[in-house]
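One file, final01.tsv, is given below (TSV, C-alpha atoms).
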```
chain	number	residue	atom	x	y	z
A	1	ALA	CA	7.44	-10.62	32.43
A	2	GLU	CA	5.49	-13.84	32.56
A	3	SER	CA	4.25	-14.83	36.00
A	4	PRO	CA	5.29	-18.16	37.50
A	5	ALA	CA	2.66	-20.67	38.48
A	6	GLU	CA	1.20	-19.51	41.79
A	7	VAL	CA	0.38	-21.77	44.69
A	8	THR	CA	-2.25	-20.21	46.92
A	9	GLY	CA	-2.93	-21.20	50.52
A	10	ASP	CA	-5.92	-20.42	52.72
A	11	SER	CA	-4.19	-17.75	54.79
A	12	GLU	CA	-1.32	-16.68	52.60
A	13	GLN	CA	-0.22	-16.61	49.01
A	14	VAL	CA	2.98	-18.39	48.12
A	15	SER	CA	4.41	-17.69	44.70
A	16	SER	CA	6.30	-20.75	43.50
A	17	ARG	CA	8.04	-21.06	40.19
A	18	ILE	CA	7.17	-24.43	38.69
A	19	ALA	CA	9.10	-25.66	35.67
A	20	GLY	CA	7.54	-27.98	33.09
A	21	LEU	CA	9.40	-30.99	31.71
A	22	LEU	CA	8.13	-33.18	28.87
A	23	LEU	CA	9.86	-36.41	27.91
A	24	ALA	CA	9.76	-37.14	24.18
A	25	GLY	CA	12.96	-39.13	23.69
A	26	GLY	CA	11.53	-42.60	23.11
A	27	ALA	CA	11.78	-44.57	19.90
A	28	SER	CA	7.99	-45.21	19.69
A	29	LYS	CA	8.76	-48.71	18.40
A	30	ARG	CA	5.40	-50.17	19.39
A	31	MET	CA	3.55	-47.25	17.82
A	32	GLY	CA	5.52	-47.36	14.57
A	33	SER	CA	5.85	-43.56	14.27
A	34	PRO	CA	6.89	-40.77	16.67
A	35	LYS	CA	4.21	-40.39	19.34
A	36	ALA	CA	5.14	-36.75	19.82
A	37	LEU	CA	3.81	-35.99	16.31
A	38	LEU	CA	0.54	-37.93	16.50
A	39	ASP	CA	-2.62	-35.84	16.18
A	40	PHE	CA	-5.09	-35.48	19.05
A	41	GLU	CA	-7.96	-33.01	18.80
A	42	GLY	CA	-6.23	-30.96	16.13
A	43	GLU	CA	-2.80	-30.76	17.79
A	44	THR	CA	0.18	-33.06	18.08
A	45	PHE	CA	0.55	-34.90	21.38
A	46	LEU	CA	3.59	-32.80	22.23
A	47	ASN	CA	2.25	-29.40	21.20
A	48	ARG	CA	-1.02	-29.99	23.03
A	49	LEU	CA	0.87	-30.68	26.24
A	50	ILE	CA	3.15	-27.69	25.69
A	51	ARG	CA	0.09	-25.45	25.29
A	52	ILE	CA	-1.51	-26.79	28.47
A	53	TYR	CA	1.73	-26.45	30.41
A	54	ALA	CA	2.14	-22.86	29.21
A	55	SER	CA	-1.45	-21.86	29.98
A	56	SER	CA	-1.04	-23.36	33.47
A	57	GLY	CA	1.80	-20.93	34.13
A	58	LEU	CA	4.71	-23.37	34.00
A	59	ARG	CA	8.02	-21.63	33.25
A	60	PRO	CA	10.34	-22.62	31.74
A	61	ILE	CA	9.05	-25.52	29.64
A	62	LEU	CA	11.73	-27.95	28.51
A	63	VAL	CA	11.29	-30.85	26.09
A	64	VAL	CA	13.72	-33.77	26.10
A	65	LEU	CA	14.28	-35.29	22.66
A	66	GLY	CA	16.24	-38.38	21.70
A	67	HIS	CA	15.08	-40.80	19.03
A	68	ASN	CA	13.47	-38.95	16.09
A	69	ALA	CA	14.82	-35.63	17.43
A	70	GLU	CA	15.31	-34.10	13.99
A	71	ALA	CA	11.76	-35.00	12.94
A	72	ILE	CA	10.24	-33.54	16.10
A	73	ARG	CA	12.34	-30.41	16.60
A	74	PRO	CA	10.85	-28.32	13.73
A	75	SER	CA	7.34	-28.71	15.17
A	76	LEU	CA	8.19	-27.13	18.53
A	77	PRO	CA	7.28	-23.54	19.47
A	78	ALA	CA	10.21	-21.14	19.51
A	79	ASP	CA	9.94	-20.35	23.22
A	80	VAL	CA	10.30	-23.98	24.36
A	81	GLU	CA	13.69	-25.11	25.60
A	82	ILE	CA	15.15	-28.34	24.23
A	83	ALA	CA	17.57	-30.88	25.64
A	84	VAL	CA	18.70	-33.97	23.73
A	85	ASN	CA	19.35	-37.25	25.50
A	86	PRO	CA	22.66	-38.40	23.98
A	87	ASP	CA	21.79	-42.07	24.56
A	88	PRO	CA	18.00	-42.47	24.65
A	89	ALA	CA	18.33	-46.25	24.37
A	90	ARG	CA	19.15	-46.19	28.10
A	91	GLY	CA	15.45	-45.62	28.71
A	92	GLN	CA	12.96	-43.04	29.90
A	93	PHE	CA	14.66	-42.40	33.23
A	94	SER	CA	17.80	-41.27	31.44
A	95	SER	CA	15.66	-38.70	29.59
A	96	LEU	CA	14.23	-37.51	32.90
A	97	GLN	CA	17.75	-37.02	34.26
A	98	THR	CA	18.80	-35.25	31.06
A	99	GLY	CA	15.91	-32.82	31.42
A	100	LEU	CA	16.38	-32.18	35.13
A	101	ARG	CA	20.05	-31.39	34.57
A	102	ALA	CA	19.26	-29.05	31.68
A	103	LEU	CA	16.62	-26.98	33.50
A	104	PRO	CA	17.73	-23.54	34.69
A	105	ARG	CA	18.00	-23.57	38.47
A	106	HIS	CA	15.38	-20.88	39.07
A	107	TRP	CA	12.51	-23.15	40.07
A	108	ASP	CA	10.83	-24.39	43.26
A	109	GLY	CA	9.37	-27.55	41.74
A	110	VAL	CA	9.30	-29.48	38.46
A	111	LEU	CA	6.15	-30.91	36.89
A	112	TYR	CA	7.03	-33.69	34.45
A	113	GLN	CA	5.50	-36.42	32.33
A	114	PRO	CA	6.15	-38.57	29.27
A	115	ILE	CA	4.26	-37.49	26.15
A	116	ASP	CA	2.49	-40.88	26.27
A	117	PHE	CA	-0.31	-39.19	28.28
A	118	PRO	CA	-1.70	-36.60	25.83
A	119	ALA	CA	-5.28	-36.37	27.13
A	120	ILE	CA	-4.58	-34.69	30.48
A	121	ARG	CA	-6.79	-31.68	31.24
A	122	GLU	CA	-5.55	-28.23	32.13
A	123	SER	CA	-7.67	-28.33	35.30
A	124	THR	CA	-5.61	-31.29	36.49
A	125	MET	CA	-2.36	-29.35	35.99
A	126	GLN	CA	-3.80	-26.46	37.97
A	127	ALA	CA	-4.93	-28.73	40.80
A	128	LEU	CA	-1.42	-30.16	41.14
A	129	ILE	CA	0.14	-26.71	41.13
A	130	ARG	CA	-2.29	-25.42	43.76
A	131	ALA	CA	-1.43	-28.35	46.03
A	132	PHE	CA	2.32	-27.72	45.95
A	133	ARG	CA	3.99	-26.16	49.00
A	134	PRO	CA	7.62	-25.72	50.05
A	135	GLY	CA	8.68	-28.96	51.69
A	136	VAL	CA	6.20	-31.15	49.80
A	137	PRO	CA	8.28	-33.84	48.05
A	138	LEU	CA	5.70	-34.96	45.49
A	139	VAL	CA	2.26	-34.09	44.18
A	140	ILE	CA	0.65	-36.98	42.28
A	141	PRO	CA	-2.77	-37.23	40.58
A	142	ARG	CA	-5.05	-40.21	41.09
A	143	TYR	CA	-7.98	-41.34	38.99
A	144	ARG	CA	-10.28	-43.86	40.68
A	145	GLY	CA	-7.44	-44.81	43.02
A	146	GLU	CA	-4.82	-45.28	40.28
A	147	ARG	CA	-1.75	-43.04	40.37
A	148	GLY	CA	-0.89	-41.27	37.13
A	149	HIS	CA	0.92	-38.41	35.41
A	150	PRO	CA	2.02	-35.65	35.50
A	151	VAL	CA	4.01	-35.68	38.75
A	152	LEU	CA	5.23	-32.56	40.54
A	153	LEU	CA	8.67	-33.01	42.09
A	154	GLY	CA	10.10	-31.00	44.96
A	155	PRO	CA	13.81	-30.08	45.03
A	156	ALA	CA	14.84	-32.85	47.43
A	157	VAL	CA	13.32	-35.52	45.19
A	158	VAL	CA	14.97	-33.99	42.11
A	159	SER	CA	18.36	-34.22	43.86
A	160	GLU	CA	17.76	-37.87	44.73
A	161	LEU	CA	16.71	-38.69	41.17
A	162	LEU	CA	19.87	-37.12	39.79
A	163	ASP	CA	21.99	-39.23	42.16
A	164	LEU	CA	20.68	-42.51	40.70
A	165	ALA	CA	22.28	-44.43	37.85
A	166	PRO	CA	20.69	-43.79	34.41
A	167	SER	CA	19.60	-47.45	34.34
A	168	ALA	CA	17.45	-46.95	37.47
A	169	GLN	CA	13.75	-46.06	37.59
A	170	ALA	CA	12.11	-42.99	39.10
A	171	ARG	CA	9.92	-45.09	41.36
A	172	GLU	CA	13.03	-46.15	43.30
A	173	VAL	CA	12.94	-42.63	44.75
A	174	THR	CA	9.29	-41.63	44.52
A	175	ARG	CA	7.92	-44.63	46.42
A	176	ARG	CA	10.07	-43.73	49.42
A	177	HIS	CA	8.33	-40.37	49.59
A	178	TYR	CA	4.73	-41.58	49.31
A	179	PRO	CA	4.10	-41.13	53.08
A	180	GLU	CA	4.79	-37.38	52.74
A	181	ALA	CA	3.41	-36.96	49.22
A	182	VAL	CA	0.21	-35.12	48.35
A	183	PHE	CA	-2.20	-37.20	46.27
A	184	ILE	CA	-4.86	-35.32	44.31
A	185	ASP	CA	-7.97	-37.25	43.26
A	186	VAL	CA	-9.10	-35.94	39.87
A	187	ASP	CA	-11.99	-36.71	37.53
A	188	ASP	CA	-9.59	-36.98	34.59
A	189	ALA	CA	-8.96	-40.36	32.98
A	190	GLY	CA	-6.16	-38.72	30.98
A	191	VAL	CA	-3.78	-39.06	33.91
A	192	VAL	CA	-3.82	-42.86	33.48
A	193	THR	CA	-4.39	-43.05	29.70
A	194	ASP	CA	-0.99	-44.30	28.50
A	195	VAL	CA	-0.78	-44.40	24.69
A	196	ASP	CA	1.94	-46.86	23.64
A	197	THR	CA	0.52	-48.79	20.70
A	198	ALA	CA	-1.60	-48.20	17.61
A	199	GLU	CA	-4.45	-49.91	19.46
A	200	ASP	CA	-4.08	-47.50	22.38
A	201	TYR	CA	-4.13	-44.58	19.96
A	202	ALA	CA	-7.26	-45.85	18.20
A	203	ALA	CA	-8.98	-46.25	21.58
A	204	LEU	CA	-7.99	-42.69	22.55
A	205	LEU	CA	-9.47	-41.26	19.35
A	206	GLU	CA	-12.61	-43.35	19.74
A	207	ARG	CA	-13.21	-42.01	23.25
A	208	ALA	CA	-12.58	-38.42	22.11
A	209	CYS	CA	-14.80	-38.67	19.02
A	210	PRO	CA	-17.18	-41.61	19.44
A	211	ARG	CA	-19.05	-42.69	16.35
```
Show me, as structure tokens, the structure contained in the file I just sent.
Amino acid sequence: AESPAEVTGDSEQVSSRIAGLLLAGGASKRMGSPKALLDFEGETFLNRLIRIYASSGLRPILVVLGHNAEAIRPSLPADVEIAVNPDPARGQFSSLQTGLRALPRHWDGVLYQPIDFPAIRESTMQALIRAFRPGVPLVIPRYRGERGHPVLLGPAVVSELLDLAPSAQAREVTRRHYPEAVFIDVDDAGVVTDVDTAEDYAALLERACPR
């Protein structure tokens, strides 16, 4: 059996099962083609993140599709779970709720992000997982003081997110929990590198493979 992501303390070892949730339901209108299928360092955005989530010990890994679902679905590994947002035009938060509802209940925390942040390093995932403890509402990475993705949600925050209307935004809940949240400063610009447009994508590729 595959081991769950482990959170290790100084004096004891706590084994926590962390689920991975990737949001790929957007229309990618500003990009002009599905962001999930764009290439970055020899992999699609989505498959790169799935690989990093899997190698970080996240189980299960669930991908939320919506717009372009039939184009994206064939590219996904067989062991990834899929949920489809029935009305992705409601926005990204509705995809987050779709994914949280679809996850099997055998988890202690959920690490999630939109696929707009493809350059995140595996070491960042591992740092977030190591920082998670029972009772911690949120673990959030920061790069040079700027908060980014992915975000690790505790069960209480997940419940609050599911209670909101689909038209709401996650920050309506997460900001309330900042005083108790754990912020992890990382040397990883990928946590704040949001790729929304063709210009963003060109800049990402330029940084990865400078001329």
Pull the closest atom pair for each residue of stretch 146-171 of chain A that gets at most 9 Å from stretch 126-137 of chain A, along with the distance in Å to one decimal, counting all atoms listed in the file, ordering rows by chain and then ascending residue number, as a Markdown table.
```
| residue | atom | partner | partner_atom | distance |
| --- | --- | --- | --- | --- |
| A:Pro150 | CA | A:Leu128 | CA | 8.6 |
| A:Val151 | CA | A:Leu128 | CA | 8.1 |
| A:Leu152 | CA | A:Leu128 | CA | 7.1 |
| A:Leu153 | CA | A:Pro137 | CA | 6.0 |
| A:Gly154 | CA | A:Pro137 | CA | 4.6 |
| A:Pro155 | CA | A:Pro137 | CA | 7.3 |
| A:Ala156 | CA | A:Pro137 | CA | 6.7 |
| A:Val157 | CA | A:Pro137 | CA | 6.0 |
| A:Val158 | CA | A:Pro137 | CA | 8.9 |
```
(request) Find the spatial neighbours of stretch 17-23 of chain A, counting only C-alpha atoms, within a cut-off of 7 Å - ignore same-chain residues fewer than 3 positions away - and output them as a PyMOL selection string. (result) chain A and resi 4-5+53+58-65+95-96+99+107-115
Counting only C-alpha atoms, what are the residues of stretch 30-102 of chain A within 10 Å of stretch 179-201 of chain A, and for each of them which pair of atoms is the nearest and at what distance in Å, to one decimal? Sort the table by chain and rising number, as a Markdown table.
```
| residue | atom | partner | partner_atom | distance |
| --- | --- | --- | --- | --- |
| A:Arg30 | CA | A:Thr197 | CA | 5.2 |
| A:Met31 | CA | A:Thr197 | CA | 4.5 |
| A:Gly32 | CA | A:Ala198 | CA | 7.8 |
| A:Ser33 | CA | A:Ala198 | CA | 9.4 |
| A:Lys35 | CA | A:Asp196 | CA | 8.1 |
| A:Leu38 | CA | A:Tyr201 | CA | 8.8 |
| A:Asp39 | CA | A:Tyr201 | CA | 9.6 |
| A:Phe40 | CA | A:Tyr201 | CA | 9.2 |
```
(message) Considering all atoms listed in the file, can you say which of A:Arg175, A:Leu103, A:Phe117, A:Ala168 comes closest to A:Gly148?
(response)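 Closest to A:Gly148, using all atoms listed in the file: A:Phe117.
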(message) What does the structure give for the distance between atom CA of A:Thr44 and atom CA of A:Ser167, in Å to one decimal?
(response) 29.1 Å
(message) Within 12 Å of (10.0, -35.7, 10.6) (file coordinates; all atoms listed in the file), which protein or nucleic acid residues are there? I'd like them as a list in words.
(response) Ser33, Pro34, Lys35, Ala36, Leu37, Leu38, His67, Asn68, Ala69, Glu70, Ala71, Ile72, Arg73, Pro74, Ser75 and Leu76 of chain A
